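Asker: Input structure: my_file.txt, which contains compact mmCIF, C-alpha atoms.
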# COMPACT_ATOMS: atom_id res chain seq x y z
CA MET A 5 -14.82 -16.91 52.14
CA SER A 6 -12.42 -18.16 49.51
CA THR A 7 -15.24 -19.72 47.47
CA LEU A 8 -16.87 -16.33 47.45
CA LYS A 9 -13.68 -14.82 46.07
CA TYR A 10 -13.62 -17.40 43.30
CA PHE A 11 -17.20 -16.67 42.54
CA ALA A 12 -16.49 -12.98 42.24
CA ILE A 13 -13.59 -13.63 39.89
CA ILE A 14 -15.66 -15.94 37.74
CA ILE A 15 -18.48 -13.40 37.53
CA VAL A 16 -16.07 -10.66 36.52
CA PHE A 17 -14.70 -12.99 33.86
CA ILE A 18 -18.11 -13.85 32.50
CA SER A 19 -19.14 -10.23 32.28
CA PHE A 20 -15.94 -9.40 30.40
CA ALA A 21 -16.48 -12.21 27.97
CA GLY A 22 -20.04 -11.00 27.58
CA CYS A 23 -18.83 -7.54 26.62
CA ASN A 24 -16.49 -8.96 24.02
CA ASN A 25 -19.15 -11.03 22.38
CA ASP A 26 -21.48 -8.08 22.19
CA LYS A 27 -18.98 -5.84 20.47
CA LYS A 28 -20.44 -4.67 17.18
CA LEU A 29 -19.17 -2.40 14.49
CA PRO A 30 -21.00 0.87 13.87
CA ILE A 31 -23.13 1.37 10.78
CA TYR A 32 -22.13 4.29 8.56
CA GLY A 33 -24.02 6.38 6.03
CA GLN A 34 -27.39 8.04 6.14
CA ARG A 35 -30.30 6.50 7.95
CA GLU A 36 -33.99 7.22 8.06
CA ALA A 37 -36.80 6.22 10.35
CA LYS A 38 -39.53 4.18 8.78
CA ILE A 39 -42.88 3.43 10.32
CA THR A 40 -43.86 -0.21 10.13
CA LYS A 41 -46.73 -2.08 11.66
CA ASP A 42 -44.50 -3.07 14.60
CA GLY A 43 -43.40 0.47 15.30
CA ILE A 44 -40.49 2.55 14.08
CA ASP A 45 -37.64 0.91 12.23
CA THR A 46 -34.30 2.41 11.18
CA VAL A 47 -33.42 2.00 7.53
CA TYR A 48 -29.70 2.23 6.76
CA GLN A 49 -27.98 3.32 3.59
CA THR A 50 -26.88 0.38 1.47
CA ILE A 51 -24.75 -0.12 -1.63
CA PRO A 52 -27.11 0.08 -4.62
CA ALA A 53 -27.19 -2.48 -7.43
CA PHE A 54 -24.30 -2.22 -9.88
CA ALA A 55 -22.94 -3.92 -13.00
CA PHE A 56 -19.24 -3.62 -13.82
CA LEU A 57 -16.81 -5.49 -16.06
CA ASN A 58 -14.24 -7.49 -14.11
CA GLN A 59 -10.66 -8.49 -14.98
CA ASP A 60 -11.98 -11.45 -16.97
CA SER A 61 -14.31 -9.16 -18.98
CA VAL A 62 -17.31 -10.68 -17.22
CA MET A 63 -20.14 -8.34 -16.21
CA ILE A 64 -20.52 -8.77 -12.46
CA THR A 65 -23.28 -7.58 -10.13
CA GLN A 66 -23.99 -7.78 -6.43
CA ASN A 67 -24.81 -11.47 -6.90
CA VAL A 68 -21.09 -12.14 -6.76
CA PHE A 69 -21.05 -10.69 -3.22
CA LYS A 70 -24.20 -12.41 -2.01
CA ASP A 71 -23.71 -13.67 1.57
CA LYS A 72 -20.19 -12.22 1.63
CA ILE A 73 -18.65 -9.37 3.48
CA TYR A 74 -16.27 -7.43 1.29
CA ILE A 75 -13.69 -4.68 1.29
CA ALA A 76 -13.99 -2.09 -1.48
CA ASP A 77 -11.57 0.55 -2.71
CA PHE A 78 -10.81 2.88 -5.61
CA PHE A 79 -7.48 2.94 -7.43
CA PHE A 80 -5.92 2.88 -10.89
CA THR A 81 -3.12 0.77 -12.29
CA SER A 82 -0.79 3.61 -13.29
CA CYS A 83 -1.12 5.34 -9.91
CA SER A 84 2.41 5.82 -8.62
CA THR A 85 1.66 7.34 -5.23
CA ILE A 86 -0.80 5.87 -2.71
CA CYS A 87 -2.20 2.87 -4.63
CA PRO A 88 0.88 0.65 -4.36
CA VAL A 89 0.83 1.16 -0.57
CA MET A 90 -2.93 0.55 -0.33
CA HIS A 91 -2.68 -2.69 -2.24
CA ARG A 92 0.50 -3.81 -0.48
CA ASN A 93 -1.43 -3.41 2.77
CA LEU A 94 -4.72 -4.81 1.49
CA LYS A 95 -2.89 -7.87 0.25
CA THR A 96 -1.93 -8.67 3.85
CA VAL A 97 -5.66 -8.70 4.68
CA PHE A 98 -6.26 -10.90 1.63
CA ASP A 99 -3.57 -13.30 2.79
CA GLU A 100 -5.01 -13.44 6.29
CA TYR A 101 -8.50 -14.35 5.03
CA LYS A 102 -7.38 -16.39 2.03
CA GLU A 103 -9.09 -19.53 3.27
CA ASN A 104 -12.33 -17.84 4.32
CA PRO A 105 -14.89 -17.90 1.49
CA ASP A 106 -17.08 -15.31 3.26
CA VAL A 107 -14.56 -12.51 2.71
CA MET A 108 -14.08 -10.85 -0.69
CA PHE A 109 -12.34 -7.84 -2.20
CA LEU A 110 -13.55 -5.31 -4.78
CA SER A 111 -11.20 -2.76 -6.36
CA HIS A 112 -12.72 -0.23 -8.76
CA THR A 113 -10.49 1.57 -11.23
CA ILE A 114 -11.12 5.28 -11.61
CA ASP A 115 -9.06 5.40 -14.82
CA PHE A 116 -11.94 4.64 -17.20
CA LYS A 117 -9.78 5.63 -20.21
CA TYR A 118 -6.88 3.25 -19.81
CA ASP A 119 -7.68 0.52 -17.26
CA LYS A 120 -9.71 -1.83 -19.47
CA PRO A 121 -10.26 -5.42 -18.21
CA SER A 122 -7.10 -6.73 -19.87
CA VAL A 123 -5.04 -4.10 -18.05
CA LEU A 124 -6.74 -5.00 -14.76
CA LYS A 125 -6.06 -8.67 -15.40
CA LYS A 126 -2.35 -8.06 -15.82
CA TYR A 127 -2.30 -5.91 -12.71
CA ALA A 128 -4.05 -8.59 -10.62
CA GLN A 129 -1.62 -11.22 -11.85
CA LYS A 130 1.37 -9.07 -11.06
CA LEU A 131 0.05 -8.25 -7.59
CA GLY A 132 -0.34 -12.00 -7.18
CA VAL A 133 -4.07 -12.06 -6.37
CA ASP A 134 -5.76 -13.00 -9.65
CA GLY A 135 -8.83 -15.07 -8.83
CA LYS A 136 -12.50 -14.85 -7.87
CA LYS A 137 -11.84 -13.64 -4.34
CA TRP A 138 -10.46 -10.26 -5.38
CA GLN A 139 -12.46 -8.62 -8.15
CA PHE A 140 -11.00 -5.72 -10.13
CA VAL A 141 -13.68 -3.81 -12.00
CA TRP A 142 -14.07 -1.23 -14.72
CA GLY A 143 -17.16 0.92 -15.27
CA SER A 144 -18.10 4.17 -16.96
CA LYS A 145 -16.83 7.34 -15.34
CA GLU A 146 -20.35 8.30 -14.34
CA ALA A 147 -21.15 4.95 -12.72
CA ILE A 148 -17.85 4.56 -10.84
CA TYR A 149 -17.55 8.15 -9.64
CA THR A 150 -21.15 8.20 -8.46
CA ILE A 151 -20.93 4.97 -6.49
CA ALA A 152 -17.58 6.09 -5.01
CA GLU A 153 -18.92 9.34 -3.64
CA LYS A 154 -22.54 8.53 -2.86
CA SER A 155 -22.21 4.97 -1.61
CA TYR A 156 -18.65 4.30 -0.47
CA LEU A 157 -18.15 7.92 0.65
CA THR A 158 -14.77 8.12 -1.12
CA VAL A 159 -13.69 11.21 -3.04
CA VAL A 160 -12.36 10.60 -6.57
CA GLU A 161 -11.71 13.20 -9.24
CA GLU A 162 -9.96 13.75 -12.53
CA ASP A 163 -7.32 16.44 -12.10
CA SER A 164 -4.75 17.19 -14.77
CA THR A 165 -2.53 19.01 -12.26
CA ALA A 166 -2.19 15.94 -9.99
CA ARG A 167 0.88 13.75 -10.46
CA ASP A 168 -0.92 10.93 -12.28
CA GLY A 169 -3.98 12.85 -13.48
CA TYR A 170 -6.38 11.90 -10.67
CA ILE A 171 -6.91 12.72 -7.04
CA HIS A 172 -8.58 10.22 -4.79
CA GLN A 173 -8.74 8.98 -1.23
CA GLY A 174 -7.22 5.73 -0.10
CA TRP A 175 -10.11 4.37 1.94
CA LEU A 176 -10.64 0.66 2.37
CA VAL A 177 -14.38 0.36 2.96
CA LEU A 178 -15.85 -2.60 4.84
CA ILE A 179 -19.29 -3.75 3.63
CA ASP A 180 -21.45 -6.32 5.44
CA LYS A 181 -23.74 -9.02 4.03
CA GLU A 182 -26.70 -6.63 4.04
CA LYS A 183 -24.67 -4.16 1.89
CA LYS A 184 -24.27 -1.72 4.78
CA MET A 185 -21.04 0.20 5.34
CA ARG A 186 -19.41 -0.89 8.61
CA GLY A 187 -16.00 0.78 8.52
CA ALA A 188 -13.53 2.87 6.53
CA TYR A 189 -9.77 2.58 6.99
CA ASP A 190 -6.91 4.58 5.51
CA GLY A 191 -5.20 1.97 3.33
CA THR A 192 -1.89 3.83 3.45
CA LYS A 193 -1.58 3.46 7.23
CA THR A 194 -0.54 0.06 8.57
CA GLU A 195 -2.18 0.66 11.99
CA GLN A 196 -5.53 1.27 10.35
CA VAL A 197 -5.15 -1.79 8.17
CA GLU A 198 -4.40 -3.84 11.31
CA GLN A 199 -7.64 -2.47 12.77
CA LEU A 200 -9.46 -3.52 9.59
CA LYS A 201 -8.22 -7.09 10.08
CA LYS A 202 -9.62 -7.12 13.61
CA ASP A 203 -12.90 -5.57 12.49
CA VAL A 204 -13.36 -8.18 9.76
CA ALA A 205 -13.17 -10.82 12.49
CA ILE A 206 -15.71 -8.93 14.62
CA LEU A 207 -18.07 -8.57 11.68
CA LEU A 208 -17.77 -12.26 10.79
CA LYS A 209 -18.76 -13.09 14.36
CA GLU A 210 -22.07 -11.27 13.94
CA TYR A 211 -23.10 -13.92 11.46
CA LYS A 212 -22.07 -16.87 13.64
CA LYS A 213 -25.28 -17.43 15.51
CA MET F 18 60.42 12.20 20.95
CA ARG F 19 60.08 14.35 17.80
CA LYS F 20 59.45 11.22 15.81
CA TYR F 21 56.53 10.36 18.08
CA LEU F 22 55.15 13.85 17.84
CA ILE F 23 55.19 13.84 14.05
CA GLY F 24 53.77 10.37 14.04
CA SER F 25 50.89 11.29 16.26
CA ILE F 26 50.12 14.48 14.33
CA PHE F 27 50.04 12.37 11.22
CA LEU F 28 47.67 9.96 12.89
CA ILE F 29 45.41 12.75 14.07
CA ILE F 30 45.19 14.15 10.56
CA ILE F 31 44.31 10.77 9.07
CA TYR F 32 41.84 10.11 11.83
CA SER F 33 40.03 13.42 11.48
CA CYS F 34 39.92 13.12 7.70
CA GLN F 35 38.43 9.73 7.96
CA SER F 36 35.85 10.74 10.45
CA SER F 37 34.74 13.74 8.41
CA GLN F 38 34.25 11.34 5.52
CA GLU F 39 32.35 9.06 7.77
CA ILE F 40 30.18 11.94 8.92
CA GLU F 41 29.48 12.85 5.29
CA TYR F 42 28.56 9.26 4.53
CA ALA F 43 26.27 9.03 7.55
CA LYS F 44 24.58 12.26 6.49
CA TYR F 45 24.01 10.91 2.97
CA MET F 46 22.62 7.67 4.39
CA SER F 47 20.14 9.38 6.67
CA ASN F 48 18.95 11.99 4.14
CA GLY F 49 18.80 9.28 1.50
CA LYS F 50 16.63 7.17 3.74
CA ASP F 51 14.16 10.04 4.22
CA ILE F 52 13.92 10.58 0.46
CA TYR F 53 13.46 6.84 -0.05
CA ILE F 54 10.62 6.59 2.47
CA ALA F 55 8.82 9.58 0.97
CA ASN F 56 9.15 8.61 -2.71
CA CYS F 57 10.20 5.03 -3.31
CA GLN F 58 9.04 2.87 -0.44
CA ASN F 59 5.43 2.67 -1.68
CA CYS F 60 6.58 0.58 -4.64
CA HIS F 61 9.91 -0.89 -3.57
CA GLY F 62 9.01 -1.66 0.04
CA GLU F 63 10.41 -0.91 3.46
CA LYS F 64 13.04 -3.62 3.11
CA GLY F 65 13.56 -3.16 -0.63
CA GLU F 66 11.45 -6.26 -1.21
CA GLY F 67 9.48 -4.81 -4.15
CA LEU F 68 5.75 -5.35 -4.74
CA GLY F 69 4.76 -8.63 -6.37
CA GLU F 70 5.72 -8.39 -10.03
CA LEU F 71 4.57 -4.78 -10.13
CA ALA F 72 7.84 -3.35 -8.79
CA PRO F 73 11.20 -5.17 -8.59
CA PRO F 74 13.13 -5.56 -5.33
CA LEU F 75 16.31 -3.58 -4.68
CA THR F 76 18.04 -6.63 -3.22
CA ASP F 77 19.76 -7.73 -6.45
CA THR F 78 23.25 -6.61 -5.46
CA THR F 79 24.74 -7.72 -8.78
CA PHE F 80 22.22 -5.70 -10.78
CA LEU F 81 22.79 -2.58 -8.68
CA LYS F 82 26.54 -2.97 -9.01
CA THR F 83 26.73 -3.60 -12.74
CA ASN F 84 24.18 -0.88 -13.50
CA LYS F 85 25.49 1.66 -11.01
CA ASN F 86 26.17 4.28 -13.67
CA ASP F 87 22.60 4.01 -14.97
CA LEU F 88 20.87 4.39 -11.60
CA ALA F 89 20.93 8.21 -11.62
CA CYS F 90 19.21 8.15 -15.03
CA ILE F 91 16.64 5.59 -13.85
CA ILE F 92 15.74 7.77 -10.87
CA LYS F 93 15.70 11.06 -12.77
CA ASN F 94 13.93 9.95 -15.97
CA GLY F 95 12.05 6.85 -14.89
CA VAL F 96 12.31 3.60 -16.81
CA ASN F 97 10.03 1.37 -18.86
CA LYS F 98 11.82 -1.66 -20.26
CA GLU F 99 12.20 -5.31 -19.52
CA MET F 100 14.70 -6.11 -16.79
CA ILE F 101 15.76 -9.24 -14.96
CA ILE F 102 16.04 -8.75 -11.21
CA ASN F 103 16.96 -11.69 -8.96
CA GLY F 104 16.31 -13.94 -11.93
CA LYS F 105 12.72 -12.70 -12.43
CA LYS F 106 11.40 -10.63 -15.31
CA TYR F 107 9.87 -7.20 -14.68
CA ASP F 108 8.34 -4.91 -17.29
CA GLY F 109 6.43 -2.29 -15.30
CA LYS F 110 6.83 1.43 -15.60
CA MET F 111 8.67 3.53 -13.06
CA PRO F 112 7.94 7.29 -13.07
CA GLY F 113 10.80 9.80 -13.16
CA PHE F 114 11.70 12.00 -10.20
CA ASN F 115 13.00 15.46 -10.94
CA PHE F 116 15.36 15.60 -7.97
CA ALA F 117 18.45 17.79 -7.54
CA ASP F 118 21.82 16.03 -8.03
CA ILE F 119 22.55 16.11 -4.32
CA ASP F 120 19.24 14.35 -3.56
CA ILE F 121 19.97 11.68 -6.15
CA ALA F 122 23.44 11.17 -4.67
CA GLN F 123 22.04 10.75 -1.17
CA LEU F 124 19.32 8.42 -2.38
CA MET F 125 21.82 6.32 -4.29
CA VAL F 126 24.14 6.06 -1.31
CA TYR F 127 21.17 4.82 0.68
CA ILE F 128 19.90 2.18 -1.76
CA THR F 129 23.36 0.93 -2.72
CA ASN F 130 24.24 0.44 0.96
CA SER F 131 20.98 -1.08 2.21
CA PHE F 132 18.95 -4.25 1.52
CA GLY F 133 22.17 -6.32 1.36
CA ASN F 134 24.05 -3.88 -0.92
CA LYS F 135 27.40 -2.47 0.15
CA GLN F 136 28.89 -0.12 -2.43
CA GLY F 137 30.09 2.79 -0.30
CA MET F 138 30.08 6.48 -1.16
CA TYR F 139 28.72 8.11 -4.31
CA THR F 140 29.21 11.84 -4.84
CA TYR F 141 26.93 14.36 -6.47
CA ALA F 142 29.69 15.20 -8.94
CA GLN F 143 29.34 11.62 -10.13
CA VAL F 144 25.57 12.11 -10.49
CA ALA F 145 26.11 15.03 -12.90
CA LYS F 146 28.53 12.88 -14.89
CA ASP F 147 26.17 9.90 -15.06
CA LEU F 148 23.21 12.07 -16.02
CA ASN F 149 25.17 13.41 -18.98
CA SER F 150 25.30 9.97 -20.51
CA CYS F 151 21.71 8.75 -20.02
CA LYS F 152 20.66 6.35 -22.72
CA PRO F 153 17.51 7.46 -24.53
Please express the file's structure as structure tokens.
Answerer:
Amino acid sequence: MSTLKYFAIIIVFISFAGCNNDKKLPIYGQREAKITKDGIDTVYQTIPAFAFLNQDSVMITQNVFKDKIYIADFFFTSCSTICPVMHRNLKTVFDEYKENPDVMFLSHTIDFKYDKPSVLKKYAQKLGVDGKKWQFVWGSKEAIYTIAEKSYLTVVEEDSTARDGYIHQGWLVLIDKEKKMRGAYDGTKTEQVEQLKKDVAILLKEYKK
Amino acid sequence: MRKYLIGSIFLIIIYSCQSSQEIEYAKYMSNGKDIYIANCQNCHGEKGEGLGELAPPLTDTTFLKTNKNDLACIIKNGVNKEMIINGKKYDGKMPGFNFADIDIAQLMVYITNSFGNKQGMYTYAQVAKDLNSCKP
């Protein structure tokens, strides 16, 4: 009788552990069905190729993020409202995954007029994260605003009536190694940033096979 | 007996004066905290710890004491000059906040009595005075 009880407990345990291992993050963005020779396949939206100047004035492309998961956001250095909070919070994620080479960070400036690479460099240094792991990039208005809205699903706009001249959302967007969007977190809310930390761990597990 | 009576009336007066001052101070502290959370905490932090070298901490009690008469101007007009806080150099830009004098007074009471600072009360009459002598 008591062995049976133990058995039951162990089975319950195993099934729980099984659930945990199977936990996967959703995939965001548009999808379409594609007919292949094996049947129907789902094709997910991915981040398209890009080329932006980083804080060291080097033109970077997706090659930099090859075999990495990364967290992307949109900000500008003279933003005096939500950006300091977003980056204060994102820096805690950076610190947590400092030693993990598979995790990177990509902050795009939306202030194409003022935030040239040298300004981004100074900002990165002052935030205390200047290095390869966290890329700060500048691009043309057209290129940055398009990728923000179409690919990272983040609203950014010039608006002379806003406090600093722009309005934008504070999303931290999680991108997997296949360039698919796996999560979006409000960078101004500590609970959501805590969730992001957990989700990064879950996503990393998908690649440990 | 009369002596006691007078004495105790005296005491009551002192006591009630003091507590109304204390109530005023507590009110300033709690309103000041709300204004701080809504406008300043993003850069200066929940514990006044600052943000890297982008924004200085508010824990330099000597700086806040020696520059007390400039704080109202810093808050109202913003500031963009080199300053040494806790021995470290900062040269970022702080935006101005067009607050009413009473809000500035409450905010100042909060920051000069938190994060290790202990400077006591600061009235809005003093704010008006300090704002009159802002350096360009």
Asker: Which is closest to Ile75 in chain A among A:Lys154, A:His112, A:Arg35, A:Lys209, if we use all atoms listed in the file?
Answerer: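 Checking each of A:Lys154, A:His112, A:Arg35, A:Lys209 against Ile75 in chain A, counting all atoms listed in the file, the winner is A:His112.
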Asker: With 7 Å as the limit and counting all atoms listed in the file, what residues in chain A lie close to chain F? Please list them as a ChimeraX atom specification.
Answerer: /A:85,88-89,92,130-132
Asker: Which residues are close to range 197-203 of chain A, i.e. within 7 Å by only C-alpha atoms, leaving aside same-chain residues fewer than 5 positions away? Reply as number ranges by chain.
Answerer: A: 93, 97, 189, 191
Asker: Quick check, in Å to one decimal: how far apart do CA of Asp118 in chain F and CA of Ala145 in chain F lie?
Answerer: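 Between these atoms lies a distance of 6.6 Å.
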Asker: Which protein, DNA or RNA residues are at most 12 Å from (24.1, -6.2, -10.4) in the file's coordinates when you count all atoms listed in the file, listed as a list in words?
Answerer: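 In the file's frame, the residues around the point are Leu75, Thr76, Asp77, Thr78, Thr79, Phe80, Leu81, Lys82, Thr83, Asn84, Lys85, Asn86, Asp87, Leu88, Met100, Ile101, Ile102, Asn103, Gly104, Thr129, Gly133, Asn134, Lys135 and Gln136 of chain F.
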